[in-house]
Amino acid sequence: MTVIYDRVALIGLGLIASSMFWAMKRAGAAGEVTGYARSAETRDTAREIGLCDRVCDSAREAAEGADLVILAVPVGAMATVIQDIAPVLKPGATVTDVGSVKRQVIEAVSPHLPEGVHFVPAHPLAGTEHSGPRAGFETLFDNRYCLLTPVEGTDAQATDRLFRLWQAIGANVETMDPDHHDLVLSVTSHTPHLIAYTMVGVADDLSRVTDSEVIKYSAAGFRDFTRIAASDPTMWRDVFLNNKDATLEILGRFTEELFALQRAIRTGDGDLLFDYFTRTREIRRGIIEAGQDTDAPDFGRVKPGS
Ligand code: NAP
């Protein structure tokens, strides 16, 4: 495999960054990879497990001289990080990010980019509920989508090169308008997470009444919610604060549908419920047929080797 970037810097060393590192090494797509994380603890862990060729004690040191700088921190931290590293960015370098929200990240990063540095926003649609440097694995992006959301004026060559990197590390890459991305992801990821957080919260309230029954008899439906609701609190707080409009729009629609189902239950409208659930079952089938999930009872999301 050919090297796509001679020097790559990973800022943030959590699930996504570590998976990118192992996948880039598997593909031989990057020369030297430097890395930086905010806490000494994470940097020590990275050194211990061989995550990155060189772990640096400052973001500037990691970013200096890099051909590609990947911002793999929570969405709310992007602005601080880019301001910190901007003075050392190499002319002609590309900055990218992996944030789950795109419009706000573009607005946070763009004003701080030095002349001659390209910014190509990206979002891999792959993840688990685990976080931190040990959570990553090289196959995370295999056959998953990665959406690039370049804005008007983004350098086409820089976009193409990043496109090739994501392909090399296993992803199906597509480009999308940033606002459209935020709306689509609000439907497919952000609002479902909020609903899962809410459902687990409701069960938690209930468990105070029923002692441990909620945990003890936790059946598949609730267990799936708890898996999603175990996702990183910082990351998800930042997602909702930064994708406010789209989330509120989809939540509004969700509430209307919920009321319709509530009324069907109250009035005993079995036909409505049956038709509704038949339609939703088809959506699940479509996802499996598109190769984006497996039919396995555990949803096929068990980490390889675990
Ligand atoms: P993670 O495992 O929690 O790792 C986050 C990393 O960012 C950690 O190394 C953390 O350092 C560092 N960090 C946090 N705040 C920082 C700051 N202010 N300055 C410098 N470093 C900071 O997170 P992740 O799951 O990899 O997510 C990273 C990004 O990917 C987020 O923007 C998220 O929206 C996006 N994303 C996540 C998923 C997913 O499913 N998890 C999927 C697609 C995209 P410390 O360890 O030292 O605190």
# chains A, B, ... in the order shown; residues from 1 in each chain; ligands from 1
call {"tool": "residues_around", "arguments": {"residues": "A:Pro150", "least_positions_apart": "3", "cutoff": "12 Å", "atoms": "only C-alpha atoms", "output": "PyMOL selection string"}}
result
chain A and resi 95-97+102-103+105-106+110+118-123+147+153-160+162-163+174-179+181
call {"tool": "residues_near_ligand", "arguments": {"ligand": "ligand 1", "cutoff": "7 Å", "atoms": "only C-alpha atoms and all ligand atoms", "output": "mmCIF file with C-alpha atoms, in the first residue's frame"}}
result
data_model
loop_
_atom_site.group_PDB
_atom_site.id
_atom_site.type_symbol
_atom_site.label_atom_id
_atom_site.label_comp_id
_atom_site.auth_asym_id
_atom_site.auth_seq_id
_atom_site.Cartn_x
_atom_site.Cartn_y
_atom_site.Cartn_z
ATOM 1 C CA ILE A 11 -4.777 15.426 18.472
ATOM 2 C CA GLY A 12 -6.849 13.512 21.013
ATOM 3 C CA LEU A 13 -6.059 9.834 21.564
ATOM 4 C CA GLY A 14 -9.425 8.218 22.214
ATOM 5 C CA LEU A 15 -11.513 5.592 20.465
ATOM 6 C CA ILE A 16 -11.554 7.232 17.034
ATOM 7 C CA ALA A 17 -7.937 8.420 16.966
ATOM 8 C CA ALA A 37 -3.862 13.917 24.437
ATOM 9 C CA ARG A 38 -4.766 16.405 27.120
ATOM 10 C CA SER A 39 -3.999 14.271 30.164
ATOM 11 C CA ALA A 40 -0.644 12.774 31.109
ATOM 12 C CA GLU A 41 -2.503 9.584 31.979
ATOM 13 C CA THR A 42 -3.768 9.121 28.411
ATOM 14 C CA ALA A 72 -10.074 13.811 17.313
ATOM 15 C CA VAL A 73 -11.321 15.634 20.414
ATOM 16 C CA PRO A 74 -14.911 16.332 21.542
ATOM 17 C CA VAL A 75 -16.725 18.828 19.318
ATOM 18 C CA ALA A 77 -12.865 21.357 22.267
ATOM 19 C CA THR A 80 -9.354 25.644 21.628
ATOM 20 C CA VAL A 81 -7.186 23.031 19.953
ATOM 21 C CA VAL A 98 -13.737 13.492 13.082
ATOM 22 C CA GLY A 99 -16.452 15.356 14.982
ATOM 23 C CA SER A 100 -20.010 14.057 14.995
ATOM 24 C CA VAL A 101 -21.367 17.535 14.153
ATOM 25 C CA HIS A 123 -17.087 12.243 10.176
ATOM 26 C CA PRO A 124 -16.643 8.472 10.296
ATOM 27 C CA LEU A 125 -19.972 6.792 10.983
ATOM 28 C CA ALA A 126 -18.418 4.179 13.202
ATOM 29 C CA GLY A 127 -17.995 3.911 16.921
ATOM 30 C CA THR A 128 -18.735 1.967 20.033
ATOM 31 C CA GLU A 129 -19.889 2.977 23.497
ATOM 32 C CA HIS A 130 -16.293 2.636 24.709
ATOM 33 C CA SER A 131 -13.859 5.517 24.827
ATOM 34 C CA GLY A 132 -10.210 6.207 25.508
ATOM 35 C CA PRO A 133 -6.939 5.058 23.944
ATOM 36 C CA ASP A 232 -19.138 9.169 26.627
ATOM 37 C CA MET A 235 -18.835 13.754 23.639
ATOM 38 C CA VAL A 239 -23.075 16.850 20.167
#
call {"tool": "closest_residue", "arguments": {"among": "A:Leu183, A:Ala230, A:Leu140, A:Leu71", "to": "A:Ala23", "atoms": "only C-alpha atoms"}}
result
A:Leu140
call {"tool": "residues_around", "arguments": {"residues": "A:Asp142", "least_positions_apart": "5", "cutoff": "8 Å", "atoms": "only C-alpha atoms", "output": "number ranges by chain"}}
result
A: 169-171
call {"tool": "select_by_dssp", "arguments": {"residues": "stretch 17-255 of chain A", "states": "strand (DSSP E or B)", "output": "PyMOL selection string"}}
result
chain A and resi 30-36+54-55+68-71+94-97+118-124+145-148+172-175
call {"tool": "decode", "arguments": {"residues": "stretch 138-150 of chain A", "atoms": "N, CA and C atoms", "output": "PDB file, in the first residue's frame"}}
result
ATOM      1  N   GLU A 138      -8.304  -1.847  14.807  1.00  0.00           N
ATOM      2  CA  GLU A 138      -7.991  -1.501  13.411  1.00  0.00           C
ATOM      3  C   GLU A 138      -9.124  -1.709  12.425  1.00  0.00           C
ATOM      4  N   THR A 139     -10.125  -2.502  12.798  1.00  0.00           N
ATOM      5  CA  THR A 139     -11.206  -2.787  11.843  1.00  0.00           C
ATOM      6  C   THR A 139     -12.439  -1.898  12.061  1.00  0.00           C
ATOM      7  N   LEU A 140     -12.332  -0.919  12.956  1.00  0.00           N
ATOM      8  CA  LEU A 140     -13.532  -0.126  13.286  1.00  0.00           C
ATOM      9  C   LEU A 140     -14.213   0.485  12.057  1.00  0.00           C
ATOM     10  N   PHE A 141     -13.415   0.920  11.089  1.00  0.00           N
ATOM     11  CA  PHE A 141     -14.003   1.648   9.960  1.00  0.00           C
ATOM     12  C   PHE A 141     -14.308   0.754   8.752  1.00  0.00           C
ATOM     13  N   ASP A 142     -13.971  -0.521   8.858  1.00  0.00           N
ATOM     14  CA  ASP A 142     -14.175  -1.410   7.710  1.00  0.00           C
ATOM     15  C   ASP A 142     -15.640  -1.452   7.297  1.00  0.00           C
ATOM     16  N   ASN A 143     -15.860  -1.115   6.037  1.00  0.00           N
ATOM     17  CA  ASN A 143     -17.215  -1.127   5.461  1.00  0.00           C
ATOM     18  C   ASN A 143     -18.192  -0.174   6.152  1.00  0.00           C
ATOM     19  N   ARG A 144     -17.657   0.789   6.888  1.00  0.00           N
ATOM     20  CA  ARG A 144     -18.507   1.836   7.468  1.00  0.00           C
ATOM     21  C   ARG A 144     -18.379   3.081   6.583  1.00  0.00           C
ATOM     22  N   TYR A 145     -19.347   3.961   6.687  1.00  0.00           N
ATOM     23  CA  TYR A 145     -19.246   5.191   5.901  1.00  0.00           C
ATOM     24  C   TYR A 145     -18.394   6.223   6.615  1.00  0.00           C
ATOM     25  N   CYS A 146     -17.691   7.008   5.802  1.00  0.00           N
ATOM     26  CA  CYS A 146     -17.056   8.210   6.330  1.00  0.00           C
ATOM     27  C   CYS A 146     -17.522   9.349   5.438  1.00  0.00           C
ATOM     28  N   LEU A 147     -18.115  10.373   6.048  1.00  0.00           N
ATOM     29  CA  LEU A 147     -18.642  11.496   5.260  1.00  0.00           C
ATOM     30  C   LEU A 147     -17.673  12.670   5.329  1.00  0.00           C
ATOM     31  N   LEU A 148     -17.258  13.151   4.171  1.00  0.00           N
ATOM     32  CA  LEU A 148     -16.454  14.372   4.103  1.00  0.00           C
ATOM     33  C   LEU A 148     -17.419  15.507   3.787  1.00  0.00           C
ATOM     34  N   THR A 149     -17.270  16.631   4.505  1.00  0.00           N
ATOM     35  CA  THR A 149     -18.208  17.733   4.293  1.00  0.00           C
ATOM     36  C   THR A 149     -17.458  19.020   3.930  1.00  0.00           C
ATOM     37  N   PRO A 150     -16.754  19.008   2.793  1.00  0.00           N
ATOM     38  CA  PRO A 150     -16.008  20.217   2.411  1.00  0.00           C
ATOM     39  C   PRO A 150     -16.965  21.377   2.135  1.00  0.00           C
TER      40      PRO A 150
END
